[in-house]
>>> print(open('data19.tsv').read())   # TSV, C-alpha atoms and all ligand atoms
chain	number	residue	atom	x	y	z
A	1	MET	CA	4.05	18.15	-7.93
A	2	LYS	CA	2.99	14.57	-7.23
A	3	ARG	CA	-0.70	13.74	-7.48
A	4	ASP	CA	-2.66	12.26	-4.62
A	5	TYR	CA	-2.51	8.45	-4.68
A	6	TYR	CA	-6.22	8.04	-3.95
A	7	GLU	CA	-7.05	10.47	-6.72
A	8	ILE	CA	-4.84	8.61	-9.18
A	9	LEU	CA	-6.69	5.36	-8.54
A	10	GLY	CA	-10.03	7.13	-8.21
A	11	VAL	CA	-10.87	5.55	-4.86
A	12	GLY	CA	-11.98	7.01	-1.55
A	13	ARG	CA	-9.62	7.36	1.38
A	14	ASP	CA	-11.42	4.54	3.17
A	15	ALA	CA	-11.24	2.12	0.23
A	16	ASP	CA	-10.45	-1.45	1.21
A	17	GLU	CA	-7.75	-3.65	-0.26
A	18	GLY	CA	-10.00	-5.27	-2.83
A	19	THR	CA	-11.29	-1.95	-4.12
A	20	ILE	CA	-7.77	-0.61	-4.45
A	21	LYS	CA	-6.60	-3.68	-6.32
A	22	ARG	CA	-9.54	-3.52	-8.72
A	23	ALA	CA	-9.01	0.18	-9.34
A	24	TYR	CA	-5.34	-0.40	-10.03
A	25	ARG	CA	-6.06	-3.24	-12.41
A	26	GLN	CA	-8.45	-1.05	-14.33
A	27	ALA	CA	-6.02	1.86	-14.56
A	28	ALA	CA	-3.08	-0.38	-15.40
A	29	LEU	CA	-4.96	-2.11	-18.20
A	30	LYS	CA	-6.08	1.22	-19.62
A	31	PHE	CA	-2.56	2.61	-19.72
A	32	HIS	CA	-0.69	-0.63	-20.37
A	33	PRO	CA	2.04	-0.22	-23.03
A	34	ASP	CA	0.64	-3.10	-25.10
A	35	ARG	CA	-2.47	-1.01	-25.60
A	36	ASN	CA	-0.67	2.30	-25.93
A	37	PRO	CA	2.48	1.68	-27.92
A	38	ASP	CA	4.97	4.58	-27.95
A	39	ASP	CA	2.74	6.73	-25.82
A	40	SER	CA	4.88	8.34	-23.15
A	41	GLU	CA	1.88	9.95	-21.48
A	42	ALA	CA	0.24	6.53	-21.02
A	43	GLU	CA	3.53	5.16	-19.80
A	44	GLU	CA	3.70	7.88	-17.17
A	45	ARG	CA	0.12	7.18	-16.10
A	46	PHE	CA	0.87	3.47	-15.87
A	47	LYS	CA	3.86	4.17	-13.65
A	48	GLU	CA	1.90	6.60	-11.53
A	49	ALA	CA	-0.96	4.14	-10.97
A	50	THR	CA	1.47	1.38	-10.11
A	51	GLU	CA	3.25	3.58	-7.62
A	52	ALA	CA	-0.04	4.57	-6.02
A	53	TYR	CA	-1.00	0.92	-5.79
A	54	GLU	CA	2.33	-0.14	-4.29
A	55	VAL	CA	1.88	2.36	-1.50
A	56	LEU	CA	-1.83	1.94	-0.81
A	57	ARG	CA	-1.79	-1.86	-0.80
A	58	ASP	CA	0.82	-1.88	1.99
A	59	PRO	CA	-0.81	-0.99	5.33
A	60	GLU	CA	2.40	0.45	6.76
A	61	LEU	CA	3.12	2.69	3.76
A	62	ARG	CA	-0.51	3.65	3.46
A	63	GLY	CA	-0.46	4.73	7.11
A	64	LEU	CA	2.60	6.86	6.48
A	65	TYR	CA	1.00	8.35	3.41
A	66	ASP	CA	-2.27	9.12	5.21
A	67	ARG	CA	-0.44	10.88	8.01
A	68	TYR	CA	2.43	12.61	6.26
A	69	GLY	CA	1.70	12.52	2.53
A	70	HIS	CA	4.33	11.79	-0.12
A	71	ASP	CA	7.17	12.90	2.12
A	72	GLY	CA	6.11	10.43	4.80
A	73	VAL	CA	6.36	7.55	2.34
A	74	LYS	CA	9.81	8.67	1.28
A	75	ALA	CA	10.93	9.13	4.87
A	76	GLY	CA	9.92	5.54	5.53
A	77	VAL	CA	12.68	4.54	3.12
A	78	ARG	CA	15.31	6.37	5.13
A	79	GLY	CA	14.04	5.13	8.43
A	80	GLY	CA	14.47	1.58	7.14
A	81	GLY	CA	10.84	0.97	7.95
A	82	GLY	CA	10.00	-0.45	4.56
A	83	GLY	CA	9.38	2.77	2.72
A	84	PHE	CA	8.98	3.31	-0.94
A	85	GLY	CA	10.78	5.78	-3.12
A	86	GLY	CA	8.95	5.35	-6.39
A	87	PHE	CA	10.28	3.74	-9.52
A	88	SER	CA	13.34	4.60	-11.46
A	89	THR	CA	12.42	2.59	-14.50
A	90	PHE	CA	9.29	1.66	-16.32
A	91	ASP	CA	10.31	-1.99	-16.10
A	92	GLU	CA	9.97	-1.94	-12.35
A	93	ALA	CA	6.38	-0.79	-12.66
A	94	LEU	CA	5.74	-3.46	-15.27
A	95	ASN	CA	7.21	-6.03	-12.89
A	96	ILE	CA	4.74	-5.09	-10.19
A	97	PHE	CA	1.89	-5.40	-12.62
A	98	MET	CA	3.12	-8.84	-13.67
A	99	ARG	CA	3.52	-9.85	-10.05
A	100	GLU	CA	-0.08	-8.93	-9.29
A	101	PHE	CA	-1.80	-10.16	-12.41
A	102	GLY	CA	0.89	-12.23	-14.08
A	103	GLY	CA	-0.99	-15.44	-13.30
A	104	PHE	CA	-3.02	-14.95	-16.43
A	105	GLY	CA	-0.49	-13.32	-18.66
A	106	PHE	CA	-1.42	-10.08	-20.27
A	107	GLN	CA	-2.97	-11.63	-23.35
A	108	ASP	CA	-5.37	-13.59	-21.23
A	109	ILE	CA	-6.52	-10.56	-19.31
A	110	PHE	CA	-7.84	-9.08	-22.53
A	111	GLY	CA	-9.24	-12.40	-23.55
A	112	SER	CA	-7.33	-12.32	-26.81
A	113	GLY	CA	-4.86	-14.98	-25.76
A	114	ARG	CA	-5.18	-18.69	-26.00
A	115	ARG	CA	-8.22	-19.98	-24.21
A	116	GLY	CA	-7.69	-22.78	-21.76
A	117	ARG	CA	-4.15	-23.75	-20.97
A	118	ALA	CA	-3.95	-20.81	-18.61
A	119	ARG	CA	-0.85	-21.84	-16.80
A	120	THR	CA	-0.36	-20.43	-13.39
A	121	ARG	CA	2.77	-18.43	-12.93
A	122	GLY	CA	5.03	-19.56	-10.11
A	123	SER	CA	5.38	-17.44	-7.02
A	124	ASP	CA	8.17	-14.95	-6.42
A	125	VAL	CA	11.06	-15.86	-4.23
A	126	LYS	CA	12.24	-13.19	-1.83
A	127	ILE	CA	15.63	-13.03	-0.18
A	128	ARG	CA	17.32	-10.49	2.04
A	129	ILE	CA	20.85	-9.46	1.22
A	130	ALA	CA	22.92	-7.89	3.99
A	131	LEU	CA	25.45	-5.30	2.88
A	132	THR	CA	28.10	-3.25	4.61
A	133	LEU	CA	28.63	0.43	3.91
A	134	GLU	CA	31.74	-0.54	1.97
A	135	ASP	CA	29.56	-2.71	-0.31
A	136	VAL	CA	27.29	0.29	-0.81
A	137	LEU	CA	30.27	2.47	-1.68
A	138	LYS	CA	31.75	0.19	-4.30
A	139	GLY	CA	28.90	-2.04	-5.39
A	140	VAL	CA	29.26	-5.77	-4.96
A	141	THR	CA	28.52	-9.10	-6.59
A	142	LYS	CA	26.91	-11.60	-4.23
A	143	THR	CA	26.37	-15.27	-4.89
A	144	VAL	CA	23.50	-16.83	-2.99
A	145	ARG	CA	22.14	-20.36	-2.92
A	146	MET	CA	18.52	-20.82	-2.17
A	147	PRO	CA	15.67	-23.29	-2.47
A	148	VAL	CA	13.31	-22.83	-5.40
A	149	LEU	CA	10.65	-24.94	-7.03
A	150	ASP	CA	11.87	-26.44	-10.28
A	151	ASN	CA	10.28	-28.60	-12.97
A	152	CYS	CA	9.90	-32.20	-11.81
A	153	GLU	CA	12.59	-34.22	-13.55
A	154	GLU	CA	10.47	-37.34	-13.73
A	155	CYS	CA	7.67	-35.80	-15.80
A	156	ASN	CA	9.43	-32.71	-17.15
A	157	GLY	CA	6.95	-30.46	-15.44
A	158	THR	CA	3.89	-31.90	-17.13
A	159	GLY	CA	2.59	-33.57	-13.97
A	160	MET	CA	1.64	-36.66	-15.97
A	161	ARG	CA	2.95	-40.18	-15.78
A	162	SER	CA	4.90	-40.72	-18.99
A	163	GLY	CA	2.93	-41.99	-21.94
A	164	VAL	CA	-0.36	-40.67	-20.55
A	165	GLN	CA	-2.22	-37.93	-22.40
A	166	PRO	CA	-4.22	-35.29	-20.55
A	167	THR	CA	-7.95	-35.28	-21.12
A	168	SER	CA	-10.17	-32.33	-21.74
A	169	CYS	CA	-11.80	-31.02	-18.55
A	170	PRO	CA	-15.41	-32.20	-18.42
A	171	GLN	CA	-16.59	-29.25	-16.38
A	172	CYS	CA	-15.51	-26.47	-18.73
A	173	GLY	CA	-15.22	-28.49	-21.89
A	174	GLY	CA	-11.55	-27.57	-22.26
A	175	SER	CA	-12.00	-23.82	-22.34
A	176	GLY	CA	-10.61	-23.36	-18.81
A	177	GLU	CA	-13.40	-20.90	-18.05
A	178	VAL	CA	-16.85	-21.11	-16.60
A	179	GLN	CA	-19.65	-18.60	-16.89
A	180	GLN	CA	-21.71	-17.69	-13.90
A	181	VAL	CA	-24.87	-15.66	-13.97
A	182	GLN	CA	-25.15	-13.24	-11.09
A	183	ARG	CA	-28.07	-11.12	-10.10
A	184	SER	CA	-27.72	-7.82	-8.36
A	185	LEU	CA	-29.67	-4.63	-7.85
A	186	PHE	CA	-28.44	-3.39	-11.19
A	187	GLY	CA	-29.51	-6.37	-13.16
A	188	GLN	CA	-28.04	-9.57	-14.38
A	189	PHE	CA	-24.35	-10.10	-14.97
A	190	VAL	CA	-22.48	-12.87	-16.63
A	191	ARG	CA	-19.17	-13.40	-14.93
A	192	VAL	CA	-16.42	-15.41	-16.49
A	193	GLY	CA	-13.95	-17.02	-14.14
A	194	PRO	CA	-11.37	-19.76	-14.21
A	195	CYS	CA	-12.77	-23.28	-13.97
A	196	SER	CA	-12.34	-24.70	-10.49
A	197	ASN	CA	-12.04	-28.28	-11.66
A	198	CYS	CA	-8.94	-27.77	-13.84
A	199	GLY	CA	-7.68	-24.50	-12.38
A	200	GLY	CA	-8.14	-22.80	-15.75
A	201	GLU	CA	-5.90	-25.21	-17.62
A	202	GLY	CA	-8.73	-26.74	-19.61
A	203	ARG	CA	-7.45	-30.25	-19.12
A	204	VAL	CA	-7.21	-32.76	-16.34
A	205	ILE	CA	-4.72	-35.46	-15.59
A	206	SER	CA	-6.12	-38.88	-14.95
A	207	ASP	CA	-2.80	-40.53	-14.14
A	208	PRO	CA	-0.54	-38.08	-12.28
A	209	CYS	CA	3.22	-38.39	-12.01
A	210	GLY	CA	4.10	-40.33	-8.85
A	211	THR	CA	7.14	-38.21	-7.99
A	212	CYS	CA	5.41	-34.82	-7.85
A	213	ASN	CA	1.79	-36.00	-7.42
A	214	GLY	CA	0.80	-34.19	-10.58
A	215	GLU	CA	2.20	-30.83	-9.46
A	216	GLY	CA	4.88	-30.92	-12.13
A	217	ARG	CA	7.48	-29.41	-9.83
A	218	SER	CA	9.75	-30.27	-6.96
A	219	ARG	CA	12.10	-28.61	-4.52
A	220	SER	CA	15.62	-27.87	-5.61
A	221	GLU	CA	18.41	-25.42	-4.93
A	222	LYS	CA	19.75	-22.77	-7.23
A	223	SER	CA	22.68	-20.38	-7.19
A	224	PHE	CA	22.15	-16.77	-8.13
A	225	GLU	CA	24.66	-14.12	-8.86
A	226	LEU	CA	23.46	-10.67	-7.89
A	227	ASP	CA	25.18	-7.58	-9.21
A	228	ILE	CA	24.38	-4.93	-6.68
A	229	PRO	CA	25.10	-1.39	-7.89
A	230	PRO	CA	26.76	1.19	-5.66
A	231	GLY	CA	24.52	3.52	-3.67
A	232	VAL	CA	21.69	1.16	-2.67
A	233	ASP	CA	19.88	1.56	0.63
A	234	SER	CA	17.90	-0.71	2.92
A	235	ASP	CA	14.64	-1.93	1.38
A	236	ASP	CA	15.76	-1.22	-2.16
A	237	TYR	CA	15.32	-4.36	-4.17
A	238	LEU	CA	16.59	-6.01	-7.31
A	239	THR	CA	14.26	-8.03	-9.47
A	240	LEU	CA	15.58	-10.99	-11.41
A	241	ARG	CA	12.77	-11.71	-13.77
A	242	GLY	CA	11.81	-15.32	-14.30
A	243	GLN	CA	14.20	-16.66	-11.66
A	244	GLY	CA	11.66	-17.54	-8.97
A	245	ASN	CA	9.55	-20.64	-8.46
A	246	VAL	CA	8.35	-22.44	-11.55
A	247	GLY	CA	4.57	-22.52	-11.96
A	248	ARG	CA	2.41	-25.59	-11.54
A	249	ARG	CA	2.69	-28.05	-14.42
A	250	GLY	CA	5.20	-26.12	-16.43
A	251	GLY	CA	3.76	-22.65	-15.75
A	252	PRO	CA	6.12	-19.71	-16.13
A	253	ARG	CA	8.51	-18.83	-13.35
A	254	GLY	CA	7.95	-16.09	-10.82
A	255	ASP	CA	10.65	-13.55	-10.08
A	256	LEU	CA	13.47	-13.44	-7.64
A	257	LEU	CA	13.33	-10.35	-5.44
A	258	ALA	CA	16.50	-9.53	-3.56
A	259	VAL	CA	15.75	-7.03	-0.82
A	260	ILE	CA	18.70	-5.07	0.53
A	261	THR	CA	19.50	-4.56	4.18
A	262	VAL	CA	22.40	-2.23	4.85
A	263	GLU	CA	23.94	-3.08	8.20
A	264	PRO	CA	24.36	-0.08	10.48
A	265	ASP	CA	27.87	1.35	10.64
A	266	GLU	CA	28.50	2.72	14.11
A	267	ARG	CA	30.81	5.42	12.78
A	268	PHE	CA	28.28	7.14	10.55
A	269	THR	CA	24.69	8.23	10.29
A	270	ARG	CA	23.50	7.83	6.71
A	271	ARG	CA	21.16	10.29	5.03
A	272	GLY	CA	20.67	9.19	1.45
A	273	ALA	CA	24.07	9.54	-0.18
A	274	ASP	CA	25.40	11.76	2.61
A	275	LEU	CA	27.08	10.58	5.77
A	276	ILE	CA	27.30	12.33	9.12
A	277	TYR	CA	30.23	11.78	11.45
A	278	ASP	CA	30.39	13.15	14.98
A	279	LEU	CA	33.91	14.35	15.72
A	280	PRO	CA	34.80	14.68	19.40
A	281	VAL	CA	37.30	17.48	20.17
A	282	THR	CA	38.79	18.57	23.47
A	283	PHE	CA	38.46	22.06	25.00
A	284	SER	CA	41.97	23.03	23.96
A	285	GLN	CA	41.56	21.70	20.41
A	286	ALA	CA	38.30	23.61	20.11
A	287	ALA	CA	39.82	26.81	21.46
A	288	MET	CA	43.02	26.77	19.45
A	289	GLY	CA	41.99	24.87	16.35
A	290	THR	CA	43.67	21.74	15.01
A	291	THR	CA	43.84	19.29	12.13
A	292	ILE	CA	42.33	15.85	12.83
A	293	ASP	CA	41.95	12.58	10.88
A	294	VAL	CA	38.33	11.50	10.44
A	295	PRO	CA	37.23	8.17	8.98
A	296	THR	CA	35.62	7.92	5.55
A	297	VAL	CA	33.93	4.65	4.58
A	298	THR	CA	37.15	2.91	3.59
A	299	LYS	CA	39.95	5.38	4.29
A	300	SER	CA	40.40	8.56	6.29
A	301	ALA	CA	40.54	12.27	5.56
A	302	LYS	CA	42.05	15.27	7.30
A	303	VAL	CA	39.80	18.03	8.51
A	304	LYS	CA	40.83	21.46	9.71
A	305	VAL	CA	38.96	22.38	12.86
A	306	PRO	CA	38.98	26.18	13.11
A	307	ALA	CA	40.02	27.91	16.33
A	308	GLY	CA	37.03	28.80	18.51
A	309	VAL	CA	34.82	26.07	17.08
A	310	GLN	CA	31.57	25.27	18.90
A	311	THR	CA	29.64	22.05	19.29
A	312	GLY	CA	27.37	21.59	16.29
A	313	HIS	CA	29.75	23.24	13.82
A	314	VAL	CA	29.62	21.27	10.59
A	315	ILE	CA	32.52	20.74	8.22
A	316	GLN	CA	31.50	19.46	4.81
A	317	LEU	CA	33.85	17.11	2.95
A	318	ARG	CA	32.58	17.07	-0.61
A	319	GLY	CA	32.42	13.73	-2.39
A	320	LYS	CA	33.40	11.71	0.68
A	321	GLY	CA	29.92	10.22	1.13
A	322	LEU	CA	28.23	7.46	-0.84
A	323	PRO	CA	27.34	7.24	-4.53
A	324	HIS	CA	23.89	8.34	-5.62
A	325	LEU	CA	22.08	5.28	-6.92
A	326	ARG	CA	19.96	7.00	-9.54
A	327	ARG	CA	21.39	10.36	-10.48
A	328	GLY	CA	25.13	9.67	-10.38
A	329	GLY	CA	27.74	11.59	-8.45
A	330	THR	CA	28.68	11.13	-4.83
A	331	GLY	CA	27.30	12.53	-1.62
A	332	ASP	CA	29.24	14.38	1.07
A	333	LEU	CA	30.61	13.59	4.48
A	334	PHE	CA	29.39	16.04	7.13
A	335	VAL	CA	31.69	16.22	10.12
A	336	ARG	CA	29.81	17.50	13.13
A	337	VAL	CA	32.03	18.88	15.87
A	338	VAL	CA	31.24	17.82	19.43
A	339	VAL	CA	33.25	19.62	22.12
A	340	VAL	CA	33.77	17.14	24.93
A	341	THR	CA	33.91	18.43	28.50
A	342	PRO	CA	36.61	16.55	30.43
A	343	LYS	CA	35.52	14.33	33.30
A	344	ASP	CA	37.80	13.25	36.16
A	345	LEU	CA	40.47	15.94	36.01
A	346	THR	CA	43.95	15.06	37.27
A	347	PRO	CA	45.27	17.45	39.97
A	348	GLU	CA	47.55	19.04	37.38
A	349	GLN	CA	44.71	19.57	34.91
A	350	ARG	CA	42.54	20.98	37.67
A	351	GLN	CA	45.26	23.45	38.60
A	352	LEU	CA	45.51	24.61	34.99
A	353	PHE	CA	41.76	25.03	34.68
A	354	GLU	CA	41.75	27.08	37.89
A	355	THR	CA	44.42	29.36	36.49
A	356	LEU	CA	42.46	29.63	33.25
A	357	ALA	CA	39.23	30.38	35.13
A	358	GLU	CA	40.88	33.36	36.82
A	359	ILE	CA	41.86	35.04	33.58
A	360	GLU	CA	39.20	33.95	31.05
A	361	SER	CA	36.38	36.22	29.93
A	362	PRO	CA	32.77	35.23	30.65
A	363	ALA	CA	31.06	32.92	28.17
A	364	GLU	CA	28.92	34.52	25.48
A	365	GLN	CA	25.87	33.22	23.71
A	366	SER	CA	27.46	31.73	20.64
A	367	GLU	CA	24.45	30.79	18.58
A	368	ASP	CA	21.09	32.42	18.43
A	369	GLY	CA	18.13	30.10	18.86
A	370	ALA	CA	17.02	30.27	15.25
A	371	GLY	CA	20.46	29.24	14.03
A	372	PHE	CA	20.42	26.19	16.24
A	373	TRP	CA	17.02	25.00	15.09
A	374	GLN	CA	17.91	25.70	11.50
A	375	LYS	CA	20.83	23.30	11.88
A	376	VAL	CA	18.72	20.63	13.51
A	377	ARG	CA	16.26	20.90	10.68
A	378	GLU	CA	18.96	20.72	8.05
A	379	ALA	CA	20.48	17.71	9.71
A	380	PHE	CA	17.34	15.67	10.14
A	381	PHE	CA	14.39	16.82	8.14
A	382	ASP	CA	15.33	17.91	4.65
B	1	ZN	ZN	-12.13	-27.09	-16.42
B	2	ZN	ZN	6.44	-35.18	-11.86
>>> encode(input="data19.tsv", output="structure tokens", more="lines below")
Ligand SMILES: [Zn+2]
Ligand SMILES: [Zn+2]
Amino acid sequence: MKRDYYEILGVGRDADEGTIKRAYRQAALKFHPDRNPDDSEAEERFKEATEAYEVLRDPELRGLYDRYGHDGVKAGVRGGGGGFGGFSTFDEALNIFMREFGGFGFQDIFGSGRRGRARTRGSDVKIRIALTLEDVLKGVTKTVRMPVLDNCEECNGTGMRSGVQPTSCPQCGGSGEVQQVQRSLFGQFVRVGPCSNCGGEGRVISDPCGTCNGEGRSRSEKSFELDIPPGVDSDDYLTLRGQGNVGRRGGPRGDLLAVITVEPDERFTRRGADLIYDLPVTFSQAAMGTTIDVPTVTKSAKVKVPAGVQTGHVIQLRGKGLPHLRRGGTGDLFVRVVVVTPKDLTPEQRQLFETLAEIESPAEQSEDGAGFWQKVREAFFD
């Protein structure tokens, strides 16, 4: 049983973005693996808090969660509306944490790292990768070229004209931090924040590199090879750590996030690893039964349609769906029979139907109401 996201972060249901972020930071630091080595309970809590944060920080997901709970968030994934299915690995959760607070590096958050020289991490680069259902079936390697910020070649990312040394920041005395005294109802606080003059680096450049204006970085293009595993779905993403934009003045790189979009395939409706195919059959095929070829993602398969079949009858072809991304194995192909009533009869067909009408027995209720709704529910809501 999943715990309530608000409860996990210890915030009210009306908490604003800032409150949620602060609560997450607190929880994440408390359960961070660097503080709790080999503690699987802490690891689980860290993951849980990160998941809660990922959902509540996103207005769309938060809306889904508020209205429909955990299932609503998961359903958002299937609907392609930018849902969230939780994490499969601990690394993913750690990535999120780094993305949010990586600017300081973990050491610096605890204040045990080097003072000053707080180099800002570069931003993440996000790309969308379009895949066909065949790509999803087999997995695929995609090569993409895209613009990223790289170290300036002129100054090697230092931002300084060559031969010039940086000077200690006069405002913070090289520590990169400034202390501010704040008064509130509860008393007096000393807040420590990054120095605004040097951006927390502790040093300033008097003679900046002319090529990058002291930024230490410039636009370039990079090629990436993405190994996309079988079974992915829209809005799943791959994280290539340290492949994004380089930080200012030699700061560490952000990540590359490749977000998947699976293009719709008009033949199938996808439901996780399962596929649904609507098979049209004629009156006579439905009445007498037949064997028909139905498409699978890349080939075809034969299905036996039993005599007397009704619209809505489902034939399950095991293992003819898509691979499960996380738990292995392959989903099924559900063939849904649709009996098609002929339009525009030829005179000969009409004659035959008239003959048939004279001798056929009256139609009977073939499905009770509950059975029908059960099927609808199975098909769409489980
Ligand atoms: Zn400073
Ligand atoms: Zn430069």
>>> residues_near_ligand(input="data19.tsv", ligand="ligand ZN 2 (chain B)", cutoff="7 Å", atoms="only C-alpha atoms and all ligand atoms", output="list in words")
Cys152, Glu153, Glu154, Cys155, Asn156, Gly157, Thr158, Gly159, Met160, Cys209, Gly210, Thr211, Cys212, Asn213, Gly214, Glu215, Gly216 and Arg217 of chain A
>>> residues_near_ligand(input="data19.tsv", ligand="ligand ZN 1 (chain B)", cutoff="9 Å", atoms="all atoms listed in the file", output="ChimeraX atom specification")
/A:116,168-178,194-204
>>> atom_distance(input="data19.tsv", atom1="CA of Met146 in chain A", atom2="CA of Thr261 in chain A")
17.5 Å
>>> residues_around(input="data19.tsv", residues="Gly242 in chain A", least_positions_apart="2", cutoff="12 Å", atoms="all atoms listed in the file", output="MDAnalysis selection string")
chainID A and resid 95 98:99 102 121:125 148 150 239:240 244:247 251:257
>>> closest_residue(input="data19.tsv", among="A:Phe283, A:Phe268, A:Phe353, A:Phe224", to="Gly321 in chain A", atoms="all atoms listed in the file")
A:Phe268
>>> residues_near_point(input="data19.tsv", point="(18.2, -1.3, 3.0)", cutoff="6 Å", atoms="all atoms listed in the file", output="PyMOL selection string")
chain A and resi 233-236+260-262
>>> atom_distance(input="data19.tsv", atom1="CA of Glu7 in chain A", atom2="CA of Ala42 in chain A")
16.5 Å
>>> residues_around(input="data19.tsv", residues="Ala49 in chain A", least_positions_apart="5", cutoff="12 Å", atoms="all atoms listed in the file", output="VMD selection string")
chain A and resid 2 to 11 20 to 32 42 to 44 54 to 57 86 to 87 90 93 to 94 96 to 97
>>> atom_distance(input="data19.tsv", atom1="CA of Gly289 in chain A", atom2="CA of Pro306 in chain A")
4.6 Å
>>> residues_around(input="data19.tsv", residues="Val338 in chain A", least_positions_apart="3", cutoff="8 Å", atoms="only C-alpha atoms", output="PyMOL selection string")
chain A and resi 278-281+310-313
>>> closest_residue(input="data19.tsv", among="A:Pro166, A:Gly319, A:Gly63, A:Pro229", to="Pro208 in chain A", atoms="all atoms listed in the file")
A:Pro166
>>> closest_residue(input="data19.tsv", among="A:Ala301, A:Ala52, A:Ile129, A:Val136", to="Asp265 in chain A", atoms="all atoms listed in the file")
A:Val136
